[in-house]
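What follows is a short report on a single structure.
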Amino acid sequence: MSQRAAGSTVHHPQGYPPKVEAKPMAQRLESLEGRTICLLDCRFDNTGPFLDQVQAWFAEHMPSVDTRVVQMRESWKEDPEALARIKTLGDGAIAAVGL
Amino acid sequence: MHSSIFSRLVRSTAKVAGMAALRQAFVPQPVVNLSPTELRAYVDGDDAVTGRPFMQELIEGLTKPLDGEAIANATFERSTPRLLESGSEEELHRLFLERGWTDNLPVVLPTEERVAEMLAHTSHAPDEVVGHMRPTAYREAWEYTVEKVAVNAVMAGAHPSYFPVILALAASGVSARPSTTTSMAGIVAVNGPIREEIGMNSGIGAMGPYNHANATIGRAYGLLSQNLQGGSAPGLTYMGSQGNGYGYGSVTFAENEERSPWGPFHVEHGFAPEDSTVSIWVGGWSTTYMTGVREKHWRENVRNLLRGMDPLHPPVLLLDPIAAREFVARGGFEAKADLVQWVYENALLPAGEFWDNQFVQTLLYPQAVLGVEPWASHLRAEPDELIRVFERDKIKVVVVGGESMGTWRMIGGRYHGTFSVDEWR
């Protein structure tokens with residue numbers, strides 16, 4: 001559209017978005033050898049069986065990696081206890097959904 | 001790890017959550033209902049978005065250094081101007097359509113004059129913050145003012161006298177454009193004197209496109225939801241797999257208080273008869289209907305309909321006044337609460353069927369495991385034991401219709417509350 005065409009002046013219909021603040025992110029690992037990786041089950045349907053297959057892959061191809069499944073209490077809700085368990089148990093984590 | 005259909009959504013969500021550098025890997029859609037063998041093929045296969053081996057994406061996600069530029073730019077401000085640069089009507093209509101600010105039907109352009117006229121119908125200042133809204137729980141909430149609500153009311157073609165009703169809907173913070181994969185829409189019942197004041201329809205055709213106030217208030221609710229929450233774009237901020245025709249008008253109607261055998265809906269929910277209110281549900285995924293309340297088999301008929309409802313969305317019974325009076329005559333339901341109690345006791349499913357529902361598994365099973373009732377008791381039931389599907393206080397009854405026949409229907413919907421219109425006059 002020509003932004004300078006003569007005619008009507010109208011309001012912008014959208015609301016006001018909040019400022020986006022950077023969140024600190026975990027340092028990446030140099031290698032997974034000998035590390036414990038937590039698999040966070042977000043509890044969407046069939047996520048558990050999917051993570052079983054991810055665990056099986058690691059067991060077959062990278063047996064030095066110790067994988068642990070950590071389950072959220074509920075899908076859609078923050079679960080500080082699950083995140084605390086991951087901090088205690090793991091060197092890294094992968095979250096998974098199943099939709 | 002995500003399934004590929006959500007790739008745009010999850011990348012956008014990570015960015016607005018301040019984690020633009022977040023690593024994501026994608027398997028094909030769906031994951032649900034696949035066997036272990038099929039799931040293993042996903043793991044052994046390629047990432048459904050990048051085409052690289054899926055497990056390589058996963059391992060590099062944990063080991064490859066993060067993108068420094070993405071981290072450096074993770075904090076940013078966004079702004080929304082008050083006015084757009086001027087243009088011809090044709091150019092502006094095209095702009096609104098291309099930016100996704102409409103429901104893909106023509107809108108009324110929100111000129112300064114039209115918006116000012118809308119604003120004249122509330123005592124609230126244009127810059128007063130009305131509320132916050134988001135398309136789904138995991139996205140950021142956007143803020144909006146009285147003026148921004150007025151802009152969307154103009155776009156919907158609403159008469160300025162409807163504005164307090166539209167402000168009440170906006171102030172609820174409940175989106176009529178939720179990003180649910182199940183394609184839910186808003187549903188609105190209006191009660192109290194405002195119905196007559198602005199000429200709303202509670203009779204013949206009340207839930208259809210036959211009344212200016214009903215139609216444009218409902219449309220305004222949809223437009224303000226998508227624009228004030230920051231969008232409702234398929235694949236990005238809207239994931240309803242099939243979509244929902246209810247979304248065009250948000251099923252907005254007035255309760256037929258005058259012809260109802262019971263008290264008005266808003267009075268049941270703590271308001272005085274002389275108060276004006278809006279009541280909001282989000283649902284409209286499941287709908288069943290019946291003509292009349294038959295003498296011999298009405299109980300069986302209603303039970304059959306209830307079995308067709310989605311267990312996660314309790315039934316909103318929308319009864320023509322004839323049907324409402326028939327329920328009183330057949331069942332002795334002198335109060336709406338009596339009918340609600342009957343529905344509660346007769347909406348039954350074998351426990352095994354109840355738990356073999358995808359969203360019941362996802363959303364209610366974890367609560368059952370945590371001991372939340374009634375789900376915990378339902379989980380202890382034997383598979384063939386009949387359990388009550390809905391919570392009693394979430395079953396609702398509203399009387400609407402023009403008595404051309406004793407029709408009635410049930411729409412599955414979650415009640416989000418009843419909100420004052422008078423506060424926004």
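Just remember, in the structure tokens the first chain shown is A, the second B, etc., residues are 1-based per chain, and ligands are 1-based in the order shown.
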
**OP:** Counting only C-alpha atoms, collect the residues of chain A whose closest atom lies at most 7 Å from chain B, and write them out as a count of residues only.
**Re:** 44

Subject >> Exercise: range 241-253 of chain B partners within 6 Å, only C-alpha atoms, chain neighbours under 6 positions left out, as an NGL selection string >> reply: :B and (181 or 183 or 185-189 or 206-207 or 214-215 or 218-219)

Could you save those same residues with C-alpha atoms as an mmCIF file, in the first residue's frame?
data_model
loop_
_atom_site.group_PDB
_atom_site.id
_atom_site.type_symbol
_atom_site.label_atom_id
_atom_site.label_comp_id
_atom_site.auth_asym_id
_atom_site.auth_seq_id
_atom_site.Cartn_x
_atom_site.Cartn_y
_atom_site.Cartn_z
ATOM 1 C CA THR B 181 -6.408 -27.619 18.550
ATOM 2 C CA SER B 183 -11.318 -25.260 17.486
ATOM 3 C CA ALA B 185 -15.133 -20.470 20.059
ATOM 4 C CA GLY B 186 -16.734 -17.958 22.398
ATOM 5 C CA ILE B 187 -20.385 -18.268 23.428
ATOM 6 C CA VAL B 188 -22.151 -15.268 25.030
ATOM 7 C CA ALA B 189 -25.494 -14.849 26.820
ATOM 8 C CA ALA B 206 -31.619 -15.329 18.395
ATOM 9 C CA MET B 207 -28.489 -17.403 17.824
ATOM 10 C CA ASN B 214 -26.562 -9.913 18.554
ATOM 11 C CA ALA B 215 -24.568 -10.190 15.340
ATOM 12 C CA GLY B 218 -20.563 -11.240 18.853
ATOM 13 C CA ARG B 219 -18.454 -10.247 15.880
#

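The shortest atom-to-atom distance to Phe58 in chain A, with only C-alpha atoms taken into account, belongs to B:Gln56 out of B:Arg380, B:Thr216, B:His313, B:Gln56.
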
**OP:** Report as a list in words: the residues of chain A with a DSSP assignment of strand (DSSP E), based on the backbone of this structure.
**Re:** Thr36, Ile37, Cys38, Leu39, Leu40, Asp41, Asp66, Thr67, Arg68, Val69, Val70, Gln71, Gly92, Ala93, Ile94, Ala95 and Ala96 of chain A

Output the selection as a tab-separated table (two decimals), in the first residue's frame - all heavy atoms for each residue.
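Below you can see again22.tsv, which holds the result:
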chain	number	residue	atom	x	y	z
A	36	THR	N	24.37	-37.28	32.34
A	36	THR	CA	22.98	-37.65	32.61
A	36	THR	C	22.06	-36.63	31.94
A	36	THR	O	22.19	-35.43	32.18
A	36	THR	CB	22.71	-37.68	34.12
A	36	THR	OG1	23.56	-38.66	34.72
A	36	THR	CG2	21.25	-38.01	34.41
A	37	ILE	N	21.20	-37.12	31.09
A	37	ILE	CA	20.27	-36.25	30.37
A	37	ILE	C	18.84	-36.58	30.81
A	37	ILE	O	18.41	-37.74	30.74
A	37	ILE	CB	20.40	-36.45	28.84
A	37	ILE	CG1	21.82	-36.13	28.37
A	37	ILE	CG2	19.37	-35.59	28.09
A	37	ILE	CD1	22.29	-34.71	28.65
A	38	CYS	N	18.16	-35.57	31.30
A	38	CYS	CA	16.76	-35.76	31.71
A	38	CYS	C	15.82	-35.54	30.53
A	38	CYS	O	16.02	-34.61	29.74
A	38	CYS	CB	16.40	-34.78	32.83
A	38	CYS	SG	17.28	-35.15	34.37
A	39	LEU	N	14.84	-36.39	30.42
A	39	LEU	CA	13.81	-36.26	29.39
A	39	LEU	C	12.53	-35.84	30.10
A	39	LEU	O	11.94	-36.62	30.85
A	39	LEU	CB	13.62	-37.59	28.66
A	39	LEU	CG	14.90	-38.19	28.03
A	39	LEU	CD1	14.61	-39.57	27.45
A	39	LEU	CD2	15.46	-37.27	26.97
A	40	LEU	N	12.13	-34.59	29.91
A	40	LEU	CA	10.98	-34.04	30.61
A	40	LEU	C	9.70	-34.40	29.86
A	40	LEU	O	9.47	-33.93	28.74
A	40	LEU	CB	11.10	-32.52	30.76
A	40	LEU	CG	9.93	-31.83	31.46
A	40	LEU	CD1	9.82	-32.30	32.91
A	40	LEU	CD2	10.10	-30.31	31.41
A	41	ASP	N	8.88	-35.22	30.50
A	41	ASP	CA	7.60	-35.65	29.91
A	41	ASP	C	6.54	-34.61	30.25
A	41	ASP	O	6.10	-34.50	31.39
A	41	ASP	CB	7.25	-37.02	30.50
A	41	ASP	CG	5.89	-37.53	30.01
A	41	ASP	OD1	5.19	-36.80	29.27
A	41	ASP	OD2	5.52	-38.66	30.40
A	66	ASP	N	23.38	-41.49	30.42
A	66	ASP	CA	22.37	-41.97	31.35
A	66	ASP	C	21.12	-41.09	31.17
A	66	ASP	O	21.16	-39.90	31.46
A	66	ASP	CB	22.90	-41.85	32.78
A	66	ASP	CG	21.90	-42.34	33.81
A	66	ASP	OD1	20.90	-42.97	33.42
A	66	ASP	OD2	22.12	-42.06	35.01
A	67	THR	N	20.03	-41.66	30.66
A	67	THR	CA	18.82	-40.87	30.46
A	67	THR	C	17.82	-41.16	31.57
A	67	THR	O	17.64	-42.31	31.98
A	67	THR	CB	18.17	-41.15	29.09
A	67	THR	OG1	17.95	-42.55	28.97
A	67	THR	CG2	19.03	-40.64	27.96
A	68	ARG	N	17.19	-40.13	32.05
A	68	ARG	CA	16.17	-40.27	33.11
A	68	ARG	C	14.91	-39.51	32.69
A	68	ARG	O	15.00	-38.34	32.33
A	68	ARG	CB	16.65	-39.66	34.43
A	68	ARG	CG	18.04	-40.10	34.88
A	68	ARG	CD	17.97	-41.43	35.61
A	68	ARG	NE	19.29	-41.77	36.12
A	68	ARG	CZ	19.70	-41.48	37.35
A	68	ARG	NH1	18.90	-40.83	38.18
A	68	ARG	NH2	20.91	-41.83	37.74
A	69	VAL	N	13.78	-40.18	32.75
A	69	VAL	CA	12.52	-39.49	32.44
A	69	VAL	C	12.00	-38.80	33.71
A	69	VAL	O	11.92	-39.42	34.77
A	69	VAL	CB	11.47	-40.48	31.91
A	69	VAL	CG1	10.10	-39.77	31.76
A	69	VAL	CG2	11.91	-41.04	30.56
A	70	VAL	N	11.70	-37.52	33.59
A	70	VAL	CA	11.08	-36.76	34.68
A	70	VAL	C	9.71	-36.31	34.18
A	70	VAL	O	9.60	-35.69	33.12
A	70	VAL	CB	11.93	-35.53	35.05
A	70	VAL	CG1	11.21	-34.67	36.10
A	70	VAL	CG2	13.30	-35.98	35.56
A	71	GLN	N	8.69	-36.64	34.95
A	71	GLN	CA	7.33	-36.33	34.50
A	71	GLN	C	6.80	-35.07	35.18
A	71	GLN	O	6.94	-34.91	36.39
A	71	GLN	CB	6.42	-37.52	34.84
A	71	GLN	CG	5.17	-37.57	34.02
A	71	GLN	CD	4.41	-38.87	34.23
A	71	GLN	OE1	4.27	-39.37	35.35
A	71	GLN	NE2	3.92	-39.44	33.15
A	92	GLY	N	21.89	-32.09	31.56
A	92	GLY	CA	21.14	-31.43	30.49
A	92	GLY	C	19.74	-31.98	30.46
A	92	GLY	O	19.44	-32.97	31.14
A	93	ALA	N	18.86	-31.33	29.70
A	93	ALA	CA	17.47	-31.78	29.66
A	93	ALA	C	16.86	-31.51	28.30
A	93	ALA	O	17.23	-30.56	27.61
A	93	ALA	CB	16.64	-31.08	30.74
A	94	ILE	N	15.91	-32.38	27.95
A	94	ILE	CA	15.12	-32.21	26.72
A	94	ILE	C	13.66	-32.33	27.13
A	94	ILE	O	13.28	-33.29	27.80
A	94	ILE	CB	15.45	-33.31	25.69
A	94	ILE	CG1	16.95	-33.38	25.41
A	94	ILE	CG2	14.67	-33.08	24.40
A	94	ILE	CD1	17.36	-34.64	24.66
A	95	ALA	N	12.86	-31.34	26.72
A	95	ALA	CA	11.42	-31.41	27.02
A	95	ALA	C	10.70	-31.94	25.79
A	95	ALA	O	11.08	-31.63	24.65
A	95	ALA	CB	10.89	-30.03	27.38
A	96	ALA	N	9.66	-32.72	26.02
A	96	ALA	CA	8.95	-33.31	24.89
A	96	ALA	C	7.45	-33.21	25.05
A	96	ALA	O	6.92	-33.36	26.14
A	96	ALA	CB	9.35	-34.77	24.72

**OP:** Would you please work out which residue, of B:Val278, B:Ala158, B:Ala272, B:Leu97, is nearest to Ile194 in chain B when using only C-alpha atoms?
**Re:** B:Val278

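Note that CA of Met410 in chain B and CA of Gly203 in chain B are 17.4 Å apart.
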
Original post:
Hey, can you check how far CA of Cys42 in chain A sits from CA of Gln27 in chain A?
Top reply: 22.4 Å

May I have the residues within 12 Å of Arg330 in chain B as an mmCIF file with all heavy atoms, in the first residue's frame, using only C-alpha atoms and disregarding those fewer than 3 positions away in the same chain?
data_model
loop_
_atom_site.group_PDB
_atom_site.id
_atom_site.type_symbol
_atom_site.label_atom_id
_atom_site.label_comp_id
_atom_site.auth_asym_id
_atom_site.auth_seq_id
_atom_site.Cartn_x
_atom_site.Cartn_y
_atom_site.Cartn_z
ATOM 1 N N GLY B 292 -38.431 -30.965 21.340
ATOM 2 C CA GLY B 292 -39.396 -31.300 22.370
ATOM 3 C C GLY B 292 -38.833 -32.185 23.471
ATOM 4 O O GLY B 292 -37.676 -32.634 23.426
ATOM 5 N N VAL B 293 -39.658 -32.398 24.474
ATOM 6 C CA VAL B 293 -39.320 -33.280 25.602
ATOM 7 C C VAL B 293 -40.452 -34.304 25.650
ATOM 8 O O VAL B 293 -41.523 -34.055 26.204
ATOM 9 C CB VAL B 293 -39.222 -32.473 26.920
ATOM 10 C CG1 VAL B 293 -38.755 -33.374 28.066
ATOM 11 C CG2 VAL B 293 -38.276 -31.282 26.764
ATOM 12 N N ARG B 294 -40.209 -35.452 25.037
ATOM 13 C CA ARG B 294 -41.276 -36.412 24.790
ATOM 14 C C ARG B 294 -41.744 -37.086 26.080
ATOM 15 O O ARG B 294 -40.951 -37.328 27.001
ATOM 16 C CB ARG B 294 -40.799 -37.485 23.797
ATOM 17 C CG ARG B 294 -40.275 -36.914 22.488
ATOM 18 C CD ARG B 294 -41.355 -36.221 21.707
ATOM 19 N NE ARG B 294 -42.328 -37.167 21.175
ATOM 20 C CZ ARG B 294 -43.423 -36.808 20.515
ATOM 21 N NH1 ARG B 294 -43.679 -35.525 20.328
ATOM 22 N NH2 ARG B 294 -44.252 -37.720 20.066
ATOM 23 N N GLU B 295 -43.039 -37.393 26.104
ATOM 24 C CA GLU B 295 -43.635 -37.906 27.332
ATOM 25 C C GLU B 295 -43.063 -39.264 27.747
ATOM 26 O O GLU B 295 -42.712 -39.473 28.905
ATOM 27 C CB GLU B 295 -45.162 -38.022 27.160
ATOM 28 C CG GLU B 295 -45.870 -38.475 28.432
ATOM 29 C CD GLU B 295 -47.382 -38.552 28.252
ATOM 30 O OE1 GLU B 295 -47.851 -38.273 27.126
ATOM 31 O OE2 GLU B 295 -48.073 -38.880 29.221
ATOM 32 N N LYS B 296 -42.973 -40.191 26.767
ATOM 33 C CA LYS B 296 -42.590 -41.562 27.130
ATOM 34 C C LYS B 296 -41.092 -41.720 27.374
ATOM 35 O O LYS B 296 -40.674 -42.375 28.328
ATOM 36 C CB LYS B 296 -43.026 -42.531 26.020
ATOM 37 C CG LYS B 296 -44.496 -42.863 26.007
ATOM 38 C CD LYS B 296 -44.764 -43.945 24.963
ATOM 39 C CE LYS B 296 -46.256 -44.243 24.876
ATOM 40 N NZ LYS B 296 -46.556 -45.178 23.783
ATOM 41 N N HIS B 297 -40.313 -41.155 26.470
ATOM 42 C CA HIS B 297 -38.887 -41.504 26.494
ATOM 43 C C HIS B 297 -37.963 -40.291 26.650
ATOM 44 O O HIS B 297 -36.817 -40.317 26.213
ATOM 45 C CB HIS B 297 -38.513 -42.259 25.212
ATOM 46 C CG HIS B 297 -39.130 -43.610 25.109
ATOM 47 N ND1 HIS B 297 -38.803 -44.643 25.962
ATOM 48 C CD2 HIS B 297 -40.099 -44.087 24.294
ATOM 49 C CE1 HIS B 297 -39.508 -45.707 25.652
ATOM 50 N NE2 HIS B 297 -40.326 -45.400 24.649
ATOM 51 N N TRP B 298 -38.452 -39.212 27.289
ATOM 52 C CA TRP B 298 -37.585 -38.039 27.386
ATOM 53 C C TRP B 298 -36.296 -38.341 28.150
ATOM 54 O O TRP B 298 -35.232 -37.826 27.803
ATOM 55 C CB TRP B 298 -38.339 -36.849 28.002
ATOM 56 C CG TRP B 298 -38.665 -36.969 29.461
ATOM 57 C CD1 TRP B 298 -39.798 -37.471 30.003
ATOM 58 C CD2 TRP B 298 -37.838 -36.571 30.553
ATOM 59 N NE1 TRP B 298 -39.738 -37.416 31.376
ATOM 60 C CE2 TRP B 298 -38.549 -36.865 31.743
ATOM 61 C CE3 TRP B 298 -36.563 -35.990 30.656
ATOM 62 C CZ2 TRP B 298 -38.021 -36.605 33.017
ATOM 63 C CZ3 TRP B 298 -36.041 -35.726 31.915
ATOM 64 C CH2 TRP B 298 -36.764 -36.034 33.076
ATOM 65 N N ARG B 299 -36.395 -39.189 29.145
ATOM 66 C CA ARG B 299 -35.188 -39.491 29.933
ATOM 67 C C ARG B 299 -34.142 -40.175 29.061
ATOM 68 O O ARG B 299 -32.959 -39.820 29.087
ATOM 69 C CB ARG B 299 -35.540 -40.389 31.126
ATOM 70 C CG ARG B 299 -36.438 -39.735 32.155
ATOM 71 C CD ARG B 299 -36.867 -40.729 33.232
ATOM 72 N NE ARG B 299 -37.835 -40.154 34.147
ATOM 73 C CZ ARG B 299 -39.146 -40.066 33.891
ATOM 74 N NH1 ARG B 299 -39.629 -40.525 32.758
ATOM 75 N NH2 ARG B 299 -39.961 -39.523 34.762
ATOM 76 N N ALA B 323 -39.596 -25.792 25.305
ATOM 77 C CA ALA B 323 -38.853 -26.942 25.833
ATOM 78 C C ALA B 323 -38.609 -26.783 27.333
ATOM 79 O O ALA B 323 -38.705 -27.760 28.092
ATOM 80 C CB ALA B 323 -37.530 -27.094 25.092
ATOM 81 N N ALA B 324 -38.327 -25.554 27.763
ATOM 82 C CA ALA B 324 -38.095 -25.328 29.197
ATOM 83 C C ALA B 324 -39.346 -25.684 29.995
ATOM 84 O O ALA B 324 -39.270 -26.369 31.037
ATOM 85 C CB ALA B 324 -37.696 -23.867 29.424
ATOM 86 N N ARG B 325 -40.512 -25.248 29.498
ATOM 87 C CA ARG B 325 -41.759 -25.564 30.221
ATOM 88 C C ARG B 325 -42.043 -27.068 30.178
ATOM 89 O O ARG B 325 -42.569 -27.639 31.135
ATOM 90 C CB ARG B 325 -42.910 -24.757 29.627
ATOM 91 C CG ARG B 325 -42.815 -23.268 29.948
ATOM 92 C CD ARG B 325 -44.131 -22.548 29.659
ATOM 93 N NE ARG B 325 -44.473 -22.533 28.250
ATOM 94 C CZ ARG B 325 -44.026 -21.606 27.369
ATOM 95 N NH1 ARG B 325 -43.229 -20.634 27.763
ATOM 96 N NH2 ARG B 325 -44.386 -21.659 26.102
ATOM 97 N N GLU B 326 -41.667 -27.716 29.066
ATOM 98 C CA GLU B 326 -41.869 -29.173 28.991
ATOM 99 C C GLU B 326 -40.983 -29.901 30.003
ATOM 100 O O GLU B 326 -41.390 -30.898 30.589
ATOM 101 C CB GLU B 326 -41.593 -29.663 27.567
ATOM 102 C CG GLU B 326 -42.709 -29.289 26.598
ATOM 103 C CD GLU B 326 -42.457 -29.766 25.172
ATOM 104 O OE1 GLU B 326 -41.338 -30.256 24.887
ATOM 105 O OE2 GLU B 326 -43.376 -29.642 24.343
ATOM 106 N N PHE B 327 -39.771 -29.400 30.182
ATOM 107 C CA PHE B 327 -38.908 -30.018 31.200
ATOM 108 C C PHE B 327 -39.539 -29.883 32.590
ATOM 109 O O PHE B 327 -39.479 -30.812 33.403
ATOM 110 C CB PHE B 327 -37.513 -29.369 31.192
ATOM 111 C CG PHE B 327 -36.527 -30.067 30.293
ATOM 112 C CD1 PHE B 327 -36.038 -29.447 29.160
ATOM 113 C CD2 PHE B 327 -36.090 -31.355 30.590
ATOM 114 C CE1 PHE B 327 -35.133 -30.091 28.325
ATOM 115 C CE2 PHE B 327 -35.181 -32.005 29.764
ATOM 116 C CZ PHE B 327 -34.702 -31.371 28.620
ATOM 117 N N PHE B 333 -39.121 -30.127 37.241
ATOM 118 C CA PHE B 333 -37.955 -29.287 37.546
ATOM 119 C C PHE B 333 -38.426 -27.850 37.793
ATOM 120 O O PHE B 333 -38.401 -27.006 36.897
ATOM 121 C CB PHE B 333 -36.952 -29.330 36.386
ATOM 122 C CG PHE B 333 -36.508 -30.719 36.019
ATOM 123 C CD1 PHE B 333 -36.618 -31.186 34.705
ATOM 124 C CD2 PHE B 333 -35.971 -31.568 36.975
ATOM 125 C CE1 PHE B 333 -36.208 -32.457 34.356
ATOM 126 C CE2 PHE B 333 -35.559 -32.853 36.636
ATOM 127 C CZ PHE B 333 -35.680 -33.305 35.330
ATOM 128 N N GLU B 334 -38.858 -27.576 39.005
ATOM 129 C CA GLU B 334 -39.396 -26.257 39.321
ATOM 130 C C GLU B 334 -38.317 -25.180 39.309
ATOM 131 O O GLU B 334 -38.604 -23.994 39.160
ATOM 132 C CB GLU B 334 -40.090 -26.288 40.693
ATOM 133 C CG GLU B 334 -41.332 -27.162 40.729
ATOM 134 C CD GLU B 334 -42.426 -26.678 39.765
ATOM 135 O OE1 GLU B 334 -42.524 -25.459 39.556
ATOM 136 O OE2 GLU B 334 -43.149 -27.531 39.203
ATOM 137 N N LEU B 339 -33.108 -29.319 37.270
ATOM 138 C CA LEU B 339 -32.740 -29.894 35.971
ATOM 139 C C LEU B 339 -31.234 -30.172 35.906
ATOM 140 O O LEU B 339 -30.805 -31.226 35.418
ATOM 141 C CB LEU B 339 -33.157 -28.939 34.841
ATOM 142 C CG LEU B 339 -32.738 -29.321 33.419
ATOM 143 C CD1 LEU B 339 -33.241 -30.719 33.037
ATOM 144 C CD2 LEU B 339 -33.254 -28.280 32.409
#
